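Engineer: I'm passing along structure.cif; it holds mmCIF, N, CA and C atoms.
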data_run
loop_
_atom_site.group_PDB
_atom_site.id
_atom_site.type_symbol
_atom_site.label_atom_id
_atom_site.label_comp_id
_atom_site.auth_asym_id
_atom_site.auth_seq_id
_atom_site.Cartn_x
_atom_site.Cartn_y
_atom_site.Cartn_z
ATOM 1 N N MET V 1 -13.899 25.619 -28.655
ATOM 2 C CA MET V 1 -12.869 24.973 -27.870
ATOM 3 C C MET V 1 -12.380 25.944 -26.799
ATOM 4 N N ALA V 2 -12.153 25.429 -25.577
ATOM 5 C CA ALA V 2 -11.708 26.285 -24.473
ATOM 6 C C ALA V 2 -10.235 26.619 -24.640
ATOM 7 N N VAL V 3 -9.922 27.895 -24.515
ATOM 8 C CA VAL V 3 -8.549 28.369 -24.650
ATOM 9 C C VAL V 3 -8.201 29.135 -23.380
ATOM 10 N N PRO V 4 -7.047 28.837 -22.754
ATOM 11 C CA PRO V 4 -6.689 29.565 -21.535
ATOM 12 C C PRO V 4 -6.426 31.045 -21.823
ATOM 13 N N LYS V 5 -6.898 31.922 -20.929
ATOM 14 C CA LYS V 5 -6.722 33.354 -21.104
ATOM 15 C C LYS V 5 -5.280 33.773 -20.800
ATOM 16 N N ARG V 6 -4.669 33.122 -19.806
ATOM 17 C CA ARG V 6 -3.299 33.438 -19.408
ATOM 18 C C ARG V 6 -2.465 32.157 -19.371
ATOM 19 N N LYS V 7 -1.166 32.326 -19.526
ATOM 20 C CA LYS V 7 -0.245 31.181 -19.456
ATOM 21 C C LYS V 7 -0.204 30.657 -18.021
ATOM 22 N N MET V 8 -0.315 29.351 -17.867
ATOM 23 C CA MET V 8 -0.236 28.746 -16.544
ATOM 24 C C MET V 8 1.237 28.592 -16.161
ATOM 25 N N SER V 9 1.599 29.035 -14.963
ATOM 26 C CA SER V 9 2.997 28.979 -14.534
ATOM 27 C C SER V 9 3.434 27.530 -14.338
ATOM 28 N N LYS V 10 4.748 27.330 -14.354
ATOM 29 C CA LYS V 10 5.287 25.977 -14.184
ATOM 30 C C LYS V 10 4.940 25.413 -12.817
ATOM 31 N N ALA V 11 4.921 26.255 -11.802
ATOM 32 C CA ALA V 11 4.599 25.789 -10.449
ATOM 33 C C ALA V 11 3.161 25.276 -10.377
ATOM 34 N N ARG V 12 2.224 26.014 -10.969
ATOM 35 C CA ARG V 12 0.827 25.580 -10.951
ATOM 36 C C ARG V 12 0.617 24.331 -11.800
ATOM 37 N N ARG V 13 1.300 24.269 -12.948
ATOM 38 C CA ARG V 13 1.174 23.115 -13.823
ATOM 39 C C ARG V 13 1.743 21.865 -13.158
ATOM 40 N N ASP V 14 2.913 21.990 -12.523
ATOM 41 C CA ASP V 14 3.591 20.830 -11.953
ATOM 42 C C ASP V 14 2.949 20.342 -10.660
ATOM 43 N N LYS V 15 2.126 21.175 -10.022
ATOM 44 C CA LYS V 15 1.428 20.736 -8.809
ATOM 45 C C LYS V 15 0.490 19.566 -9.108
ATOM 46 N N ARG V 16 -0.097 19.573 -10.293
ATOM 47 C CA ARG V 16 -1.009 18.486 -10.662
ATOM 48 C C ARG V 16 -0.280 17.177 -10.848
ATOM 49 N N ARG V 17 1.011 17.224 -11.124
ATOM 50 C CA ARG V 17 1.772 16.019 -11.450
ATOM 51 C C ARG V 17 2.546 15.480 -10.261
ATOM 52 N N ALA V 18 2.278 15.960 -9.061
ATOM 53 C CA ALA V 18 3.076 15.604 -7.897
ATOM 54 C C ALA V 18 2.363 14.621 -6.977
ATOM 55 N N ASN V 19 1.433 13.831 -7.481
ATOM 56 C CA ASN V 19 0.678 12.897 -6.633
ATOM 57 C C ASN V 19 1.314 11.520 -6.652
ATOM 58 N N TRP V 20 2.564 11.425 -6.188
ATOM 59 C CA TRP V 20 3.299 10.163 -6.281
ATOM 60 C C TRP V 20 3.507 9.499 -4.938
ATOM 61 N N LYS V 21 3.041 10.079 -3.849
ATOM 62 C CA LYS V 21 3.295 9.525 -2.523
ATOM 63 C C LYS V 21 2.490 8.244 -2.325
ATOM 64 N N LEU V 22 3.100 7.277 -1.664
ATOM 65 C CA LEU V 22 2.458 6.000 -1.376
ATOM 66 C C LEU V 22 1.948 6.001 0.053
ATOM 67 N N THR V 23 0.947 5.161 0.317
ATOM 68 C CA THR V 23 0.426 5.022 1.667
ATOM 69 C C THR V 23 1.011 3.770 2.308
ATOM 70 N N VAL V 24 1.133 3.798 3.615
ATOM 71 C CA VAL V 24 1.666 2.657 4.359
ATOM 72 C C VAL V 24 0.588 1.582 4.427
ATOM 73 N N PRO V 25 0.932 0.319 4.132
ATOM 74 C CA PRO V 25 -0.090 -0.729 4.209
ATOM 75 C C PRO V 25 -0.527 -0.956 5.649
ATOM 76 N N GLY V 26 -1.818 -1.208 5.832
ATOM 77 C CA GLY V 26 -2.334 -1.476 7.163
ATOM 78 C C GLY V 26 -1.934 -2.864 7.611
ATOM 79 N N LEU V 27 -1.406 -2.979 8.816
ATOM 80 C CA LEU V 27 -0.975 -4.261 9.361
ATOM 81 C C LEU V 27 -1.847 -4.623 10.553
ATOM 82 N N ILE V 28 -2.078 -5.927 10.721
ATOM 83 C CA ILE V 28 -2.812 -6.431 11.876
ATOM 84 C C ILE V 28 -1.957 -7.487 12.547
ATOM 85 N N ALA V 29 -2.287 -7.829 13.769
ATOM 86 C CA ALA V 29 -1.558 -8.879 14.487
ATOM 87 C C ALA V 29 -2.146 -10.236 14.121
ATOM 88 N N CYS V 30 -1.290 -11.199 13.853
ATOM 89 C CA CYS V 30 -1.736 -12.561 13.539
ATOM 90 C C CYS V 30 -2.363 -13.156 14.793
ATOM 91 N N PRO V 31 -3.545 -13.777 14.686
ATOM 92 C CA PRO V 31 -4.175 -14.342 15.879
ATOM 93 C C PRO V 31 -3.417 -15.545 16.449
ATOM 94 N N GLN V 32 -2.580 -16.202 15.658
ATOM 95 C CA GLN V 32 -1.837 -17.369 16.133
ATOM 96 C C GLN V 32 -0.532 -16.973 16.811
ATOM 97 N N CYS V 33 0.334 -16.232 16.083
ATOM 98 C CA CYS V 33 1.681 -15.937 16.587
ATOM 99 C C CYS V 33 1.850 -14.476 16.987
ATOM 100 N N HIS V 34 0.851 -13.635 16.738
ATOM 101 C CA HIS V 34 0.840 -12.213 17.106
ATOM 102 C C HIS V 34 1.919 -11.395 16.401
ATOM 103 N N GLU V 35 2.408 -11.871 15.269
ATOM 104 C CA GLU V 35 3.338 -11.096 14.443
ATOM 105 C C GLU V 35 2.524 -10.204 13.509
ATOM 106 N N PRO V 36 3.044 -9.034 13.125
ATOM 107 C CA PRO V 36 2.292 -8.176 12.191
ATOM 108 C C PRO V 36 2.220 -8.793 10.803
ATOM 109 N N LYS V 37 1.033 -8.744 10.199
ATOM 110 C CA LYS V 37 0.838 -9.270 8.845
ATOM 111 C C LYS V 37 -0.203 -8.425 8.143
ATOM 112 N N MET V 38 -0.233 -8.507 6.815
ATOM 113 C CA MET V 38 -1.240 -7.785 6.050
ATOM 114 C C MET V 38 -2.571 -8.540 6.141
ATOM 115 N N PRO V 39 -3.692 -7.821 6.196
ATOM 116 C CA PRO V 39 -4.980 -8.495 6.320
ATOM 117 C C PRO V 39 -5.327 -9.314 5.079
ATOM 118 N N HIS V 40 -6.063 -10.388 5.275
ATOM 119 C CA HIS V 40 -6.542 -11.293 4.215
ATOM 120 C C HIS V 40 -5.388 -11.989 3.511
ATOM 121 N N ARG V 41 -4.293 -12.250 4.218
ATOM 122 C CA ARG V 41 -3.156 -12.965 3.649
ATOM 123 C C ARG V 41 -2.641 -13.970 4.656
ATOM 124 N N VAL V 42 -1.975 -15.011 4.148
ATOM 125 C CA VAL V 42 -1.392 -16.028 5.014
ATOM 126 C C VAL V 42 -0.238 -15.405 5.788
ATOM 127 N N CYS V 43 -0.131 -15.743 7.069
ATOM 128 C CA CYS V 43 0.963 -15.230 7.895
ATOM 129 C C CYS V 43 2.261 -15.882 7.442
ATOM 130 N N SER V 44 3.287 -15.064 7.200
ATOM 131 C CA SER V 44 4.558 -15.604 6.724
ATOM 132 C C SER V 44 5.364 -16.234 7.856
ATOM 133 N N GLU V 45 5.023 -15.935 9.097
ATOM 134 C CA GLU V 45 5.772 -16.479 10.229
ATOM 135 C C GLU V 45 5.277 -17.867 10.618
ATOM 136 N N CYS V 46 3.956 -18.048 10.706
ATOM 137 C CA CYS V 46 3.430 -19.335 11.171
ATOM 138 C C CYS V 46 2.684 -20.117 10.091
ATOM 139 N N GLY V 47 2.286 -19.475 8.994
ATOM 140 C CA GLY V 47 1.620 -20.167 7.902
ATOM 141 C C GLY V 47 0.130 -20.370 8.103
ATOM 142 N N TYR V 48 -0.478 -19.675 9.050
ATOM 143 C CA TYR V 48 -1.900 -19.846 9.325
ATOM 144 C C TYR V 48 -2.718 -18.781 8.608
ATOM 145 N N TYR V 49 -3.950 -19.179 8.222
ATOM 146 C CA TYR V 49 -4.930 -18.240 7.669
ATOM 147 C C TYR V 49 -6.301 -18.704 8.119
ATOM 148 N N ASP V 50 -7.077 -17.812 8.718
ATOM 149 C CA ASP V 50 -8.436 -18.096 9.175
ATOM 150 C C ASP V 50 -8.466 -19.258 10.159
ATOM 151 N N GLY V 51 -7.448 -19.338 11.027
ATOM 152 C CA GLY V 51 -7.410 -20.360 12.063
ATOM 153 C C GLY V 51 -6.954 -21.733 11.594
ATOM 154 N N LYS V 52 -6.564 -21.871 10.333
ATOM 155 C CA LYS V 52 -6.125 -23.161 9.806
ATOM 156 C C LYS V 52 -4.717 -23.032 9.254
ATOM 157 N N GLU V 53 -3.916 -24.084 9.387
ATOM 158 C CA GLU V 53 -2.575 -24.072 8.828
ATOM 159 C C GLU V 53 -2.675 -24.315 7.332
ATOM 160 N N VAL V 54 -2.234 -23.348 6.549
ATOM 161 C CA VAL V 54 -2.349 -23.410 5.102
ATOM 162 C C VAL V 54 -1.004 -23.758 4.482
ATOM 163 N N VAL V 55 0.068 -23.204 5.035
ATOM 164 C CA VAL V 55 1.413 -23.372 4.488
ATOM 165 C C VAL V 55 2.320 -23.900 5.594
ATOM 166 N N LYS V 56 3.099 -24.923 5.273
ATOM 167 C CA LYS V 56 4.104 -25.421 6.225
ATOM 168 C C LYS V 56 5.284 -24.460 6.210
ATOM 169 N N VAL V 57 5.667 -23.965 7.386
ATOM 170 C CA VAL V 57 6.801 -23.047 7.494
ATOM 171 C C VAL V 57 7.945 -23.792 8.146
ATOM 172 N N GLU V 58 9.095 -23.790 7.457
ATOM 173 C CA GLU V 58 10.265 -24.484 7.988
ATOM 174 C C GLU V 58 10.933 -23.619 9.041
ATOM 175 N N ALA V 59 11.388 -24.237 10.130
ATOM 176 C CA ALA V 59 12.104 -23.519 11.181
ATOM 177 C C ALA V 59 13.537 -23.287 10.732
ATOM 178 N N GLU V 60 14.046 -22.087 11.022
ATOM 179 C CA GLU V 60 15.416 -21.765 10.590
ATOM 180 C C GLU V 60 16.430 -22.255 11.589
#
Please go through the file and, once you have read it, give me the structure as structure tokens.
Structural biologist:
Amino acid sequence: MAVPKRKMSKARRDKRRANWKLTVPGLIACPQCHEPKMPHRVCSECGYYDGKEVVKVEAE
């Protein structure tokens, strides 16, 4: 069994546990209304996906 020769410091040990940062989701412009939306999802502003109206969006 592998046994460490020296004690690992807290700084070196805790560096491995610091991978908590999130990445920003990539946004694209909707081809219908040109609002930013996530790719492969229905636009929340106009309700279109792949050039077709999928969801009716009520006007506020």
Engineer: For the PyMOL selection byres ((chain V and resi 27) around 5), applied here, can you spell out every residue it catches as number ranges by chain?
Structural biologist: V: 25-26, 28-29, 37-38
Engineer: Include N, CA and C atoms and write out the residues we just selected as a PDB file, keeping the file's coordinate frame.
Structural biologist:
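The result, written out as result25.pdb:
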ATOM      1  N   PRO V  25       0.932   0.319   4.132  1.00  0.00           N
ATOM      2  CA  PRO V  25      -0.090  -0.729   4.209  1.00  0.00           C
ATOM      3  C   PRO V  25      -0.527  -0.956   5.649  1.00  0.00           C
ATOM      4  N   GLY V  26      -1.818  -1.208   5.832  1.00  0.00           N
ATOM      5  CA  GLY V  26      -2.334  -1.476   7.163  1.00  0.00           C
ATOM      6  C   GLY V  26      -1.934  -2.864   7.611  1.00  0.00           C
ATOM      7  N   ILE V  28      -2.078  -5.927  10.721  1.00  0.00           N
ATOM      8  CA  ILE V  28      -2.812  -6.431  11.876  1.00  0.00           C
ATOM      9  C   ILE V  28      -1.957  -7.487  12.547  1.00  0.00           C
ATOM     10  N   ALA V  29      -2.287  -7.829  13.769  1.00  0.00           N
ATOM     11  CA  ALA V  29      -1.558  -8.879  14.487  1.00  0.00           C
ATOM     12  C   ALA V  29      -2.146 -10.236  14.121  1.00  0.00           C
ATOM     13  N   LYS V  37       1.033  -8.744  10.199  1.00  0.00           N
ATOM     14  CA  LYS V  37       0.838  -9.270   8.845  1.00  0.00           C
ATOM     15  C   LYS V  37      -0.203  -8.425   8.143  1.00  0.00           C
ATOM     16  N   MET V  38      -0.233  -8.507   6.815  1.00  0.00           N
ATOM     17  CA  MET V  38      -1.240  -7.785   6.050  1.00  0.00           C
ATOM     18  C   MET V  38      -2.571  -8.540   6.141  1.00  0.00           C
TER      19      MET V  38
END
Engineer: Which value, in Å to one decimal, gives the distance between atom C of V:Val54 and atom CA of V:Pro36?
Structural biologist: 17.7 Å
Engineer: Would you return as a PyMOL selection string the members of chain V that DSSP assigns to alpha helix (DSSP H) on this structure's backbone?
Structural biologist: chain V and resi 10-15
Engineer: Around all listed atoms of stretch 9-17 of chain V, padded 8 Å per side, what centre and edge lengths does the axis-aligned box have in Å to one decimal, as JSON?
Structural biologist:
{"center_x": 2.1, "center_y": 22.3, "center_z": -11.9, "size_x": 22.3, "size_y": 29.6, "size_z": 22.2}
Engineer: Might you spell out which residues the PyMOL selection byres (((chain V and resi 49 and name CA) around 12) and name CA) would select in the displayed file, as a PyMOL selection string?
Structural biologist: chain V and resi 30-33+37-48+50-56
Engineer: How far is it from atom CA of V:Thr23 to atom CA of V:Glu35, in Å with one decimal?
Structural biologist: 20.8 Å
Engineer: Using backbone DSSP assignments, extract all strand (DSSP E) residues from chain V; output them as an MDAnalysis selection string.
Structural biologist: chainID V and resid 28:29 36:37 48:49 52:53
Engineer: Filtering to N, CA and C atoms, could you give me those residues as an mmCIF file, keeping the file's coordinate frame?
Structural biologist:
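And here is the file that came out, selection20.cif:
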data_model
loop_
_atom_site.group_PDB
_atom_site.id
_atom_site.type_symbol
_atom_site.label_atom_id
_atom_site.label_comp_id
_atom_site.auth_asym_id
_atom_site.auth_seq_id
_atom_site.Cartn_x
_atom_site.Cartn_y
_atom_site.Cartn_z
ATOM 1 N N ILE V 28 -2.078 -5.927 10.721
ATOM 2 C CA ILE V 28 -2.812 -6.431 11.876
ATOM 3 C C ILE V 28 -1.957 -7.487 12.547
ATOM 4 N N ALA V 29 -2.287 -7.829 13.769
ATOM 5 C CA ALA V 29 -1.558 -8.879 14.487
ATOM 6 C C ALA V 29 -2.146 -10.236 14.121
ATOM 7 N N PRO V 36 3.044 -9.034 13.125
ATOM 8 C CA PRO V 36 2.292 -8.176 12.191
ATOM 9 C C PRO V 36 2.220 -8.793 10.803
ATOM 10 N N LYS V 37 1.033 -8.744 10.199
ATOM 11 C CA LYS V 37 0.838 -9.270 8.845
ATOM 12 C C LYS V 37 -0.203 -8.425 8.143
ATOM 13 N N TYR V 48 -0.478 -19.675 9.050
ATOM 14 C CA TYR V 48 -1.900 -19.846 9.325
ATOM 15 C C TYR V 48 -2.718 -18.781 8.608
ATOM 16 N N TYR V 49 -3.950 -19.179 8.222
ATOM 17 C CA TYR V 49 -4.930 -18.240 7.669
ATOM 18 C C TYR V 49 -6.301 -18.704 8.119
ATOM 19 N N LYS V 52 -6.564 -21.871 10.333
ATOM 20 C CA LYS V 52 -6.125 -23.161 9.806
ATOM 21 C C LYS V 52 -4.717 -23.032 9.254
ATOM 22 N N GLU V 53 -3.916 -24.084 9.387
ATOM 23 C CA GLU V 53 -2.575 -24.072 8.828
ATOM 24 C C GLU V 53 -2.675 -24.315 7.332
#
Engineer: Report the distance between atom N of V:Met1 and atom CA of V:Arg17 in Å, rounded to one decimal place.
Structural biologist: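 So the two atoms, atom N of V:Met1 and atom CA of V:Arg17, lie 25.2 Å apart.
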